file final-v8.tsv (TSV, C-alpha atoms)
chain	number	residue	atom	x	y	z
X	732	MET	CA	41.94	14.64	3.78
X	733	PRO	CA	38.14	14.38	3.27
X	734	PRO	CA	36.90	10.86	2.53
X	735	SER	CA	35.80	10.00	-0.99
X	736	PRO	CA	32.20	8.81	-1.48
X	737	ASN	CA	31.56	5.08	-1.43
X	738	PHE	CA	29.42	3.41	-4.09
X	739	THR	CA	27.08	0.46	-3.69
X	740	LYS	CA	24.49	-1.49	-5.64
X	741	GLN	CA	23.18	-3.28	-2.54
X	742	PRO	CA	22.32	-0.62	0.06
X	743	TRP	CA	19.92	-2.98	1.85
X	744	THR	CA	22.91	-4.90	3.25
X	745	GLU	CA	24.12	-1.89	5.27
X	746	THR	CA	22.75	0.53	7.87
X	747	TYR	CA	22.97	4.26	7.29
X	748	SER	CA	22.36	7.32	9.42
X	749	GLU	CA	19.86	8.50	6.82
X	750	ILE	CA	18.72	7.64	3.30
X	751	ILE	CA	18.46	10.76	1.18
X	752	ASP	CA	16.49	10.91	-2.06
X	753	VAL	CA	17.69	13.97	-3.99
X	754	ARG	CA	15.15	13.64	-6.82
X	755	SER	CA	12.38	16.16	-7.33
X	756	PRO	CA	9.33	16.01	-5.04
X	757	ALA	CA	7.22	14.63	-7.91
X	758	GLU	CA	9.63	11.74	-8.47
X	759	PHE	CA	9.79	11.09	-4.73
X	760	ALA	CA	5.99	11.06	-4.47
X	761	GLU	CA	5.69	8.30	-7.06
X	762	ASP	CA	7.89	5.93	-5.06
X	763	CYS	CA	11.03	5.92	-2.93
X	764	ILE	CA	13.17	3.63	-0.83
X	765	PRO	CA	11.15	3.06	2.40
X	766	GLY	CA	12.40	5.31	5.18
X	767	SER	CA	14.15	7.77	2.88
X	768	ILE	CA	13.74	11.55	3.12
X	769	ASN	CA	13.45	13.96	0.20
X	770	LEU	CA	16.10	16.67	-0.09
X	771	PRO	CA	15.75	17.62	-3.76
X	772	VAL	CA	18.65	19.31	-5.50
X	773	LEU	CA	16.19	20.46	-8.18
X	774	SER	CA	12.52	21.30	-7.58
X	775	ASN	CA	9.81	20.08	-9.92
X	776	LEU	CA	9.84	23.36	-11.85
X	777	GLU	CA	13.63	23.58	-11.90
X	778	ARG	CA	13.98	20.06	-13.23
X	779	ALA	CA	11.45	20.80	-15.99
X	780	GLU	CA	13.23	24.06	-16.83
X	781	VAL	CA	16.65	22.41	-17.09
X	782	GLY	CA	15.18	19.62	-19.19
X	783	THR	CA	13.66	22.10	-21.62
X	784	ILE	CA	16.96	23.97	-21.97
X	785	TYR	CA	18.84	20.69	-22.44
X	786	LYS	CA	16.94	19.97	-25.65
X	787	GLN	CA	18.32	23.19	-27.11
X	788	SER	CA	21.79	23.25	-25.55
X	789	PRO	CA	23.17	20.59	-23.17
X	790	PHE	CA	26.04	22.89	-22.16
X	791	THR	CA	23.71	25.75	-21.23
X	792	ALA	CA	21.47	23.33	-19.34
X	793	ARG	CA	24.42	22.03	-17.31
X	794	LYS	CA	25.42	25.57	-16.36
X	795	LYS	CA	21.87	26.41	-15.31
X	796	GLY	CA	21.49	23.12	-13.47
X	797	ALA	CA	24.78	23.57	-11.62
X	798	ALA	CA	23.72	26.99	-10.36
X	799	LEU	CA	20.35	25.69	-9.16
X	800	VAL	CA	21.87	22.60	-7.54
X	801	ALA	CA	24.50	24.71	-5.75
X	802	SER	CA	21.81	27.03	-4.38
X	803	ASN	CA	19.61	24.17	-3.18
X	804	LEU	CA	22.53	22.30	-1.62
X	805	SER	CA	23.51	25.43	0.26
X	806	GLN	CA	20.01	25.67	1.72
X	807	HIS	CA	20.00	21.98	2.70
X	808	LEU	CA	23.34	22.43	4.48
X	809	ILE	CA	21.79	25.21	6.55
X	810	ASP	CA	18.37	23.66	7.14
X	811	HIS	CA	19.13	19.95	7.47
X	812	PHE	CA	22.80	19.08	7.81
X	813	GLU	CA	23.93	21.71	10.29
X	814	SER	CA	22.96	19.53	13.27
X	815	LYS	CA	24.71	16.36	12.03
X	816	ASP	CA	27.82	15.22	13.92
X	817	LYS	CA	31.03	13.89	12.40
X	818	ASN	CA	29.84	10.26	12.56
X	819	TYR	CA	26.93	10.96	10.23
X	820	ARG	CA	26.85	8.35	7.39
X	821	PRO	CA	24.12	8.96	4.76
X	822	LEU	CA	23.14	7.01	1.67
X	823	VAL	CA	22.30	9.29	-1.25
X	824	TYR	CA	20.44	8.39	-4.44
X	825	CYS	CA	18.79	9.99	-7.45
X	826	TRP	CA	17.10	8.56	-10.55
X	827	ARG	CA	20.08	6.84	-12.17
X	828	GLY	CA	22.88	7.53	-9.70
X	829	GLY	CA	24.24	10.34	-11.83
X	830	GLN	CA	24.87	14.04	-11.45
X	831	ARG	CA	22.26	14.88	-8.82
X	832	SER	CA	23.32	12.29	-6.22
X	833	ASN	CA	27.02	12.76	-6.96
X	834	SER	CA	26.67	16.53	-6.52
X	835	MET	CA	25.31	16.12	-3.00
X	836	ALA	CA	27.77	13.32	-2.19
X	837	LEU	CA	30.73	15.48	-3.22
X	838	VAL	CA	29.66	18.40	-1.04
X	839	LEU	CA	28.90	16.22	2.00
X	840	SER	CA	32.15	14.28	1.68
X	841	GLN	CA	34.08	17.57	1.55
X	842	VAL	CA	32.56	18.45	4.91
X	843	GLY	CA	34.10	15.24	6.22
X	844	TRP	CA	31.17	12.82	6.28
X	845	GLN	CA	31.41	9.33	4.85
X	846	VAL	CA	28.78	9.31	2.10
X	847	THR	CA	27.57	6.32	0.09
X	848	VAL	CA	25.99	6.73	-3.34
X	849	LEU	CA	23.57	4.17	-4.74
X	850	GLU	CA	24.95	3.15	-8.12
X	851	GLY	CA	22.19	3.23	-10.69
X	852	GLY	CA	20.03	5.23	-8.28
X	853	TYR	CA	16.34	4.52	-7.85
X	854	LYS	CA	16.42	2.30	-10.95
X	855	THR	CA	18.74	-0.11	-9.09
X	856	TYR	CA	16.34	-0.19	-6.15
X	857	ARG	CA	13.33	-0.68	-8.42
X	858	ALA	CA	14.98	-3.64	-10.17
X	859	TYR	CA	15.64	-5.14	-6.73
X	860	VAL	CA	11.97	-4.77	-5.75
X	861	ARG	CA	10.76	-6.47	-8.93
X	862	GLN	CA	13.23	-9.33	-8.51
X	863	GLN	CA	12.34	-9.83	-4.84
X	864	LEU	CA	8.58	-9.82	-5.51
X	865	GLU	CA	9.03	-12.58	-8.06
X	866	GLN	CA	10.63	-14.85	-5.47
X	867	LEU	CA	9.89	-13.82	-1.88
X	868	PRO	CA	6.08	-14.38	-1.87
X	869	THR	CA	6.62	-18.02	-2.89
X	870	GLN	CA	8.60	-18.71	0.30
X	871	PHE	CA	5.58	-18.39	2.61
X	872	THR	CA	2.63	-20.58	3.52
X	873	TYR	CA	-0.56	-18.53	3.43
X	874	LYS	CA	-3.82	-19.01	5.30
X	875	ILE	CA	-6.80	-17.23	3.75
X	876	LEU	CA	-9.63	-15.71	5.78
X	877	CYS	CA	-12.75	-15.48	3.63
X	878	GLY	CA	-16.39	-14.58	4.15
X	879	LEU	CA	-19.13	-12.44	2.65
X	880	THR	CA	-18.90	-8.65	2.75
X	881	GLY	CA	-19.57	-7.38	6.27
X	882	THR	CA	-18.27	-10.42	8.14
X	883	GLY	CA	-15.44	-8.34	9.58
X	884	LYS	CA	-12.52	-10.09	7.92
X	885	THR	CA	-10.25	-7.04	8.01
X	886	HIS	CA	-11.22	-6.27	11.63
X	887	ILE	CA	-10.56	-9.86	12.68
X	888	LEU	CA	-7.16	-9.96	11.00
X	889	GLN	CA	-6.19	-6.63	12.55
X	890	GLN	CA	-7.06	-8.02	15.97
X	891	LEU	CA	-5.19	-11.22	15.16
X	892	SER	CA	-2.08	-9.17	14.37
X	893	GLN	CA	-2.37	-6.90	17.41
X	894	ARG	CA	-3.33	-9.44	20.06
X	895	THR	CA	-1.50	-12.60	19.02
X	896	SER	CA	1.88	-13.53	17.59
X	897	GLN	CA	0.37	-14.44	14.21
X	898	GLN	CA	1.81	-12.96	11.01
X	899	VAL	CA	-0.85	-10.97	9.13
X	900	LEU	CA	-0.46	-9.45	5.67
X	901	ASP	CA	-2.99	-6.60	5.59
X	902	LEU	CA	-3.17	-5.90	1.86
X	903	GLU	CA	-6.01	-3.40	2.24
X	904	ALA	CA	-3.93	-1.31	4.65
X	905	LEU	CA	-0.97	-1.35	2.26
X	906	ALA	CA	-3.25	-0.42	-0.65
X	907	ASN	CA	-5.16	2.17	1.41
X	908	HIS	CA	-8.39	0.71	0.06
X	909	ARG	CA	-10.98	-1.80	1.28
X	910	GLY	CA	-11.08	-3.59	-2.02
X	911	SER	CA	-14.60	-2.86	-3.26
X	912	LEU	CA	-16.63	-0.25	-5.14
X	913	LEU	CA	-17.15	1.71	-1.91
X	914	GLY	CA	-13.76	0.83	-0.47
X	915	GLU	CA	-11.89	4.15	-0.50
X	916	GLU	CA	-10.27	4.91	2.86
X	917	TRP	CA	-11.40	8.13	4.55
X	918	THR	CA	-10.47	10.46	7.35
X	919	ASN	CA	-12.27	13.74	6.69
X	920	LYS	CA	-12.10	13.04	2.95
X	921	ALA	CA	-11.17	10.23	0.60
X	922	LEU	CA	-7.52	9.24	0.94
X	923	SER	CA	-5.50	8.53	-2.16
X	924	GLN	CA	-4.02	5.12	-2.83
X	925	PRO	CA	-0.29	4.61	-3.24
X	926	THR	CA	1.06	4.27	-6.75
X	927	GLN	CA	1.69	0.75	-8.00
X	928	LYS	CA	5.40	1.21	-7.33
X	929	GLN	CA	4.78	2.51	-3.80
X	930	PHE	CA	2.46	-0.41	-3.08
X	931	GLU	CA	5.10	-2.88	-4.19
X	932	SER	CA	7.74	-1.18	-2.04
X	933	LEU	CA	5.45	-1.36	1.01
X	934	LEU	CA	4.52	-4.96	0.25
X	935	LEU	CA	8.15	-6.02	-0.03
X	936	GLN	CA	9.01	-4.26	3.22
X	937	GLN	CA	6.18	-6.13	4.97
X	938	LEU	CA	7.11	-9.52	3.54
X	939	GLN	CA	10.75	-9.05	4.52
X	940	SER	CA	9.64	-8.61	8.14
X	941	PHE	CA	7.98	-12.07	8.20
X	942	ASN	CA	9.45	-15.41	9.24
X	943	PRO	CA	9.13	-17.88	6.31
X	944	SER	CA	8.82	-20.80	8.74
X	945	LEU	CA	5.52	-19.43	10.12
X	946	PRO	CA	2.19	-19.08	8.27
X	947	VAL	CA	0.93	-15.73	6.99
X	948	TRP	CA	-2.76	-14.86	7.36
X	949	VAL	CA	-4.29	-12.81	4.57
X	950	GLU	CA	-7.79	-11.80	3.49
X	951	SER	CA	-9.40	-13.27	0.37
X	952	GLU	CA	-8.72	-10.27	-1.82
X	953	SER	CA	-8.99	-9.91	-5.55
X	954	ASN	CA	-5.75	-9.60	-7.48
X	955	LYS	CA	-6.66	-5.90	-7.81
X	956	ILE	CA	-7.33	-3.72	-4.75
X	957	GLY	CA	-8.70	-0.40	-5.90
X	958	GLN	CA	-6.18	0.67	-8.55
X	959	VAL	CA	-3.19	-1.45	-7.49
X	960	HIS	CA	-2.42	-5.04	-8.50
X	961	LEU	CA	-0.91	-7.89	-6.52
X	962	PRO	CA	2.30	-9.45	-7.85
X	963	PRO	CA	1.47	-12.63	-9.80
X	964	SER	CA	3.70	-14.71	-7.52
X	965	LEU	CA	1.69	-13.69	-4.43
X	966	TRP	CA	-1.68	-14.03	-6.15
X	967	GLN	CA	-0.93	-17.59	-7.31
X	968	LYS	CA	0.18	-18.65	-3.83
X	969	MET	CA	-2.95	-17.12	-2.29
X	970	LYS	CA	-5.22	-19.04	-4.67
X	971	GLN	CA	-3.50	-22.29	-3.69
X	972	ALA	CA	-3.84	-21.68	0.06
X	973	SER	CA	-6.28	-23.28	2.49
X	974	CYS	CA	-9.21	-21.05	3.52
X	975	THR	CA	-11.18	-20.45	6.69
X	976	GLU	CA	-14.63	-18.94	6.13
X	977	ILE	CA	-16.36	-16.62	8.60
X	978	GLN	CA	-20.16	-16.74	8.56
X	979	LEU	CA	-22.26	-13.99	10.16
X	980	PRO	CA	-26.04	-13.36	9.96
X	981	LEU	CA	-27.19	-10.77	7.44
X	982	LYS	CA	-28.56	-8.39	10.09
X	983	ALA	CA	-25.26	-8.37	11.96
X	984	ARG	CA	-23.37	-7.75	8.72
X	985	VAL	CA	-25.57	-4.75	7.95
X	986	GLN	CA	-24.90	-3.27	11.40
X	987	PHE	CA	-21.18	-3.82	11.07
X	988	LEU	CA	-21.02	-2.14	7.65
X	989	LEU	CA	-22.99	0.90	8.80
X	990	ALA	CA	-20.53	1.30	11.67
X	991	THR	CA	-17.55	0.78	9.36
X	992	TYR	CA	-18.58	3.16	6.54
X	993	PRO	CA	-20.08	6.21	8.33
X	994	HIS	CA	-18.52	8.57	5.75
X	995	LEU	CA	-20.88	7.23	3.08
X	996	VAL	CA	-23.90	7.89	5.29
X	997	ASP	CA	-22.56	11.39	5.93
X	998	ASN	CA	-21.90	11.97	2.21
X	999	PRO	CA	-24.91	10.50	0.37
X	1000	GLU	CA	-24.21	12.37	-2.87
X	1001	ILE	CA	-20.79	10.72	-3.12
X	1002	LEU	CA	-22.40	7.36	-2.43
X	1003	LYS	CA	-25.01	7.89	-5.14
X	1004	ALA	CA	-22.32	8.91	-7.61
X	1005	LYS	CA	-20.49	5.66	-6.95
X	1006	LEU	CA	-23.67	3.66	-7.43
X	1007	GLN	CA	-23.96	5.09	-10.94
X	1008	LEU	CA	-21.03	2.84	-11.87
X	1009	LEU	CA	-23.36	-0.12	-11.31
X	1010	LYS	CA	-26.06	1.14	-13.69
X	1011	PRO	CA	-24.82	-0.88	-16.71
X	1012	ARG	CA	-25.06	-4.03	-14.61
X	1013	TYR	CA	-28.33	-3.54	-12.72
X	1014	GLY	CA	-30.21	-0.97	-14.73
X	1015	LYS	CA	-31.71	2.43	-14.07
X	1016	ASP	CA	-34.66	1.19	-12.02
X	1017	LYS	CA	-32.50	-0.58	-9.43
X	1018	ILE	CA	-30.21	2.43	-9.08
X	1019	ASN	CA	-33.25	4.68	-8.60
X	1020	GLN	CA	-34.58	2.28	-5.94
X	1021	TRP	CA	-31.28	2.46	-4.02
X	1022	GLU	CA	-31.21	6.25	-4.30
X	1023	GLN	CA	-34.74	6.46	-2.89
X	1024	LEU	CA	-33.70	4.39	0.09
X	1025	ILE	CA	-30.69	6.68	0.62
X	1026	ASP	CA	-32.80	9.84	0.31
X	1027	GLY	CA	-35.29	8.39	2.78
X	1028	GLY	CA	-32.57	7.59	5.31
X	1029	LEU	CA	-33.50	3.90	5.15
X	1030	TRP	CA	-29.91	2.83	5.59
X	1031	GLN	CA	-30.46	-0.68	6.91
X	1032	GLU	CA	-32.80	-1.50	4.03
X	1033	PHE	CA	-30.34	-0.02	1.52
X	1034	VAL	CA	-27.31	-1.90	2.83
X	1035	GLN	CA	-29.22	-5.18	3.05
X	1036	ASP	CA	-30.48	-4.90	-0.53
X	1037	LEU	CA	-27.05	-3.85	-1.82
X	1038	LEU	CA	-25.54	-6.91	-0.14
X	1039	GLN	CA	-28.11	-9.33	-1.47
X	1040	CYS	CA	-28.23	-7.94	-5.00
X	1041	HIS	CA	-24.61	-7.01	-5.61
X	1042	TYR	CA	-22.00	-7.92	-3.05
X	1043	ASP	CA	-23.03	-11.43	-2.03
X	1044	PRO	CA	-23.43	-12.86	-5.56
X	1045	SER	CA	-20.18	-11.21	-6.69
X	1046	TYR	CA	-18.23	-12.41	-3.67
X	1047	THR	CA	-19.61	-15.94	-3.88
X	1048	GLN	CA	-18.59	-16.12	-7.53
X	1049	SER	CA	-15.06	-14.88	-6.80
X	1050	ILE	CA	-14.62	-17.31	-3.89
X	1051	GLU	CA	-15.71	-20.26	-6.01
X	1052	ARG	CA	-13.32	-19.15	-8.74
X	1053	ASP	CA	-10.25	-18.11	-6.76
X	1054	PHE	CA	-10.46	-19.57	-3.24
X	1055	ALA	CA	-12.05	-22.98	-3.60
X	1056	LYS	CA	-10.08	-24.67	-0.80
X	1057	VAL	CA	-12.41	-23.72	2.07
X	1058	GLU	CA	-11.41	-26.30	4.67
X	1059	ARG	CA	-13.30	-24.99	7.70
X	1060	THR	CA	-16.16	-22.64	8.57
X	1061	LEU	CA	-16.51	-20.57	11.75
X	1062	ASN	CA	-20.04	-19.37	12.57
X	1063	ILE	CA	-20.60	-16.38	14.86
X	1064	GLU	CA	-23.83	-14.57	15.73
X	1065	GLU	CA	-22.29	-11.09	16.05
X	1066	LEU	CA	-18.99	-9.23	16.01
X	1067	SER	CA	-18.55	-8.52	19.70
X	1068	ASP	CA	-15.49	-8.59	21.96
X	1069	ARG	CA	-16.49	-12.05	23.16
X	1070	THR	CA	-16.99	-13.58	19.72
X	1071	THR	CA	-13.84	-11.92	18.39
X	1072	GLU	CA	-11.85	-13.37	21.29
X	1073	ASN	CA	-13.21	-16.83	20.52
X	1074	LEU	CA	-12.42	-16.37	16.83
X	1075	LEU	CA	-8.84	-15.36	17.55
X	1076	TYR	CA	-8.39	-18.46	19.68
X	1077	SER	CA	-9.76	-20.67	16.90
X	1078	LEU	CA	-7.54	-19.05	14.28
X	1079	THR	CA	-4.41	-19.40	16.39
X	1080	GLN	CA	-5.22	-23.07	16.90
X	1081	LEU	CA	-5.46	-23.49	13.14
X	1082	SER	CA	-1.95	-22.08	12.78
X	1083	THR	CA	-0.33	-24.72	14.97
call {"tool": "encode", "arguments": {"input": "final-v8.tsv", "output": "structure tokens"}}
result
Amino acid sequence: MPPSPNFTKQPWTETYSEIIDVRSPAEFAEDCIPGSINLPVLSNLERAEVGTIYKQSPFTARKKGAALVASNLSQHLIDHFESKDKNYRPLVYCWRGGQRSNSMALVLSQVGWQVTVLEGGYKTYRAYVRQQLEQLPTQFTYKILCGLTGTGKTHILQQLSQRTSQQVLDLEALANHRGSLLGEEWTNKALSQPTQKQFESLLLQQLQSFNPSLPVWVESESNKIGQVHLPPSLWQKMKQASCTEIQLPLKARVQFLLATYPHLVDNPEILKAKLQLLKPRYGKDKINQWEQLIDGGLWQEFVQDLLQCHYDPSYTQSIERDFAKVERTLNIEELSDRTTENLLYSLTQLST
């Protein structure tokens, strides 16, 4: 006799062959359980259509929905499940753990697979994320790396993570943003940031991989990175942490930034559009001056003036306000392989 589906409210305590999100692609895109795949039983348009019909006649909507779900499940059985062996054990979830997840679970269990349904669906998972992010960040000791814009803080922490055994929380990587006016991540075009919910899912996943008995290095970010916000519990712990400041000469910072942000040099019109956001603060004349430097290809002069007029005063103010516990300063003349190696050694010594 085929096994009946299991039900759980704590899927993170078990291991499954696959985690299947049966919600629509739009719901999945907003956030999902990390590692899950999207096999929607209703497409975006189908879900909207059924919802519209439901307002007029719930019974008619259920008939329409059942037909659509049956058709989509049939296609998933052909496209995705055909290769699964008899030991396949998936976890299935939808928005509230209702009809959509139970429809797939019933079909898969009739095949003979042991299926588990997440009770309460994504809403159960989301409540778990919120609860964990209230508590988990407080269990770690943080070490803050600070320094003016262009001192290579992100680069140094990435090297620290890759080349040593130190724990590094790269918030800019999780947020897909470098944390400033010009901080959008690019490949061939600007990359979108995760939603707030996605960011929190990724953050929780990263924190759960850390050992609470060891320190966690993190950059001196604002509590807002692009359009996403840090959980208050993490932000408060960061502000209480000891800081190590990197100091680098202005000329070296300019060179580093030009190498780090080539997309802005290659797309001057986008850069000038972003600078317009600073007009209320610095006035039309200053914006025109920066645009003239850009149009003239005077990139070093532009970056240096932008640092001195905007970034350095703003960063100094935020450090004095939020990260006052600067306990040590490391001076380097350039960001080379040699100086980075020496920095990594110094930072690892500070962690012992």
call {"tool": "residues_around", "arguments": {"input": "final-v8.tsv", "residues": "stretch 982-988 of chain X", "least_positions_apart": "3", "cutoff": "12 Å", "atoms": "only C-alpha atoms", "output": "ChimeraX atom specification"}}
result
/X:878-886,909,913-914,977-979,991-996,1030-1039,1042-1043,1063-1067
call {"tool": "write_last_selection", "arguments": {"input": "final-v8.tsv", "atoms": "C-alpha atoms", "output": "short mmCIF file (atom, residue, chain, number, x, y, z; two decimals), in the coordinates of the input"}}
result
data_model
loop_
_atom_site.label_atom_id
_atom_site.label_comp_id
_atom_site.auth_asym_id
_atom_site.auth_seq_id
_atom_site.Cartn_x
_atom_site.Cartn_y
_atom_site.Cartn_z
CA GLY X 878 -16.39 -14.58 4.15
CA LEU X 879 -19.13 -12.44 2.65
CA THR X 880 -18.90 -8.65 2.75
CA GLY X 881 -19.57 -7.38 6.27
CA THR X 882 -18.27 -10.42 8.14
CA GLY X 883 -15.44 -8.34 9.58
CA LYS X 884 -12.52 -10.09 7.92
CA THR X 885 -10.25 -7.04 8.01
CA HIS X 886 -11.22 -6.27 11.63
CA ARG X 909 -10.98 -1.80 1.28
CA LEU X 913 -17.15 1.71 -1.91
CA GLY X 914 -13.76 0.83 -0.47
CA ILE X 977 -16.36 -16.62 8.60
CA GLN X 978 -20.16 -16.74 8.56
CA LEU X 979 -22.26 -13.99 10.16
CA THR X 991 -17.55 0.78 9.36
CA TYR X 992 -18.58 3.16 6.54
CA PRO X 993 -20.08 6.21 8.33
CA HIS X 994 -18.52 8.57 5.75
CA LEU X 995 -20.88 7.23 3.08
CA VAL X 996 -23.90 7.89 5.29
CA TRP X 1030 -29.91 2.83 5.59
CA GLN X 1031 -30.46 -0.68 6.91
CA GLU X 1032 -32.80 -1.50 4.03
CA PHE X 1033 -30.34 -0.02 1.52
CA VAL X 1034 -27.31 -1.90 2.83
CA GLN X 1035 -29.22 -5.18 3.05
CA ASP X 1036 -30.48 -4.90 -0.53
CA LEU X 1037 -27.05 -3.85 -1.82
CA LEU X 1038 -25.54 -6.91 -0.14
CA GLN X 1039 -28.11 -9.33 -1.47
CA TYR X 1042 -22.00 -7.92 -3.05
CA ASP X 1043 -23.03 -11.43 -2.03
CA ILE X 1063 -20.60 -16.38 14.86
CA GLU X 1064 -23.83 -14.57 15.73
CA GLU X 1065 -22.29 -11.09 16.05
CA LEU X 1066 -18.99 -9.23 16.01
CA SER X 1067 -18.55 -8.52 19.70
#
call {"tool": "residues_around", "arguments": {"input": "final-v8.tsv", "residues": "X:Gln862", "least_positions_apart": "3", "cutoff": "12 Å", "atoms": "only C-alpha atoms", "output": "ChimeraX atom specification"}}
result
/X:855-859,865-868,931-932,935,962,964
call {"tool": "write_last_selection", "arguments": {"input": "final-v8.tsv", "atoms": "C-alpha atoms", "output": "CSV table (one decimal), in the coordinates of the input"}}
result
chain,number,residue,atom,x,y,z
X,855,THR,CA,18.7,-0.1,-9.1
X,856,TYR,CA,16.3,-0.2,-6.2
X,857,ARG,CA,13.3,-0.7,-8.4
X,858,ALA,CA,15.0,-3.6,-10.2
X,859,TYR,CA,15.6,-5.1,-6.7
X,865,GLU,CA,9.0,-12.6,-8.1
X,866,GLN,CA,10.6,-14.8,-5.5
X,867,LEU,CA,9.9,-13.8,-1.9
X,868,PRO,CA,6.1,-14.4,-1.9
X,931,GLU,CA,5.1,-2.9,-4.2
X,932,SER,CA,7.7,-1.2,-2.0
X,935,LEU,CA,8.2,-6.0,0.0
X,962,PRO,CA,2.3,-9.4,-7.8
X,964,SER,CA,3.7,-14.7,-7.5
call {"tool": "atom_distance", "arguments": {"input": "final-v8.tsv", "atom1": "atom CA of X:Gly828", "atom2": "atom CA of X:Ser755"}}
result
13.8 Å
call {"tool": "residues_around", "arguments": {"input": "final-v8.tsv", "residues": "X:Leu1081", "least_positions_apart": "4", "cutoff": "10 Å", "atoms": "only C-alpha atoms", "output": "PyMOL selection string"}}
result
chain X and resi 874+975+1059+1075-1077
call {"tool": "residues_near_point", "arguments": {"input": "final-v8.tsv", "point": "(25.3, -0.1, -1.5)", "cutoff": "8 Å", "atoms": "all atoms listed in the file", "output": "number ranges by chain"}}
result
X: 738-745, 847-850
call {"tool": "closest_residue", "arguments": {"input": "final-v8.tsv", "among": "X:Asn1062, X:Asn737, X:Pro980, X:Val838", "to": "X:Leu808", "atoms": "all atoms listed in the file"}}
result
X:Val838
call {"tool": "closest_residue", "arguments": {"input": "final-v8.tsv", "among": "X:His1041, X:Gly766, X:Ile751, X:Gln889", "to": "X:Tyr1013", "atoms": "all atoms listed in the file"}}
result
X:His1041
call {"tool": "atom_distance", "arguments": {"input": "final-v8.tsv", "atom1": "atom CA of X:Gln841", "atom2": "atom CA of X:Pro736"}}
result
9.5 Å
call {"tool": "decode", "arguments": {"input": "final-v8.tsv", "residues": "stretch 750-778 of chain X", "atoms": "C-alpha atoms", "output": "compact mmCIF listing (two decimals), in the first residue's frame"}}
result
# COMPACT_ATOMS: atom_id res chain seq x y z
CA ILE X 750 12.99 20.44 -1.29
CA ILE X 751 10.19 21.35 -3.67
CA ASP X 752 8.45 24.71 -3.64
CA VAL X 753 5.16 24.32 -5.52
CA ARG X 754 4.19 28.01 -5.35
CA SER X 755 4.06 30.19 -8.43
CA PRO X 756 7.34 31.48 -9.90
CA ALA X 757 6.57 34.99 -8.62
CA GLU X 758 6.15 33.74 -5.05
CA PHE X 759 9.31 31.67 -5.36
CA ALA X 760 11.27 34.66 -6.67
CA GLU X 761 10.43 36.74 -3.61
CA ASP X 762 11.94 34.18 -1.23
CA CYS X 763 12.21 30.44 -0.71
CA ILE X 764 13.81 27.87 1.54
CA PRO X 765 17.54 27.86 0.56
CA GLY X 766 18.30 24.97 -1.78
CA SER X 767 14.69 24.42 -2.83
CA ILE X 768 13.59 24.06 -6.45
CA ASN X 769 10.44 25.53 -7.99
CA LEU X 770 7.94 23.10 -9.50
CA PRO X 771 4.79 25.25 -9.54
CA VAL X 772 1.42 23.55 -9.66
CA LEU X 773 -0.04 26.87 -10.84
CA SER X 774 1.77 29.44 -12.98
CA ASN X 775 1.63 33.13 -12.19
CA LEU X 776 -1.21 33.67 -14.66
CA GLU X 777 -3.07 30.54 -13.58
CA ARG X 778 -2.90 31.51 -9.93
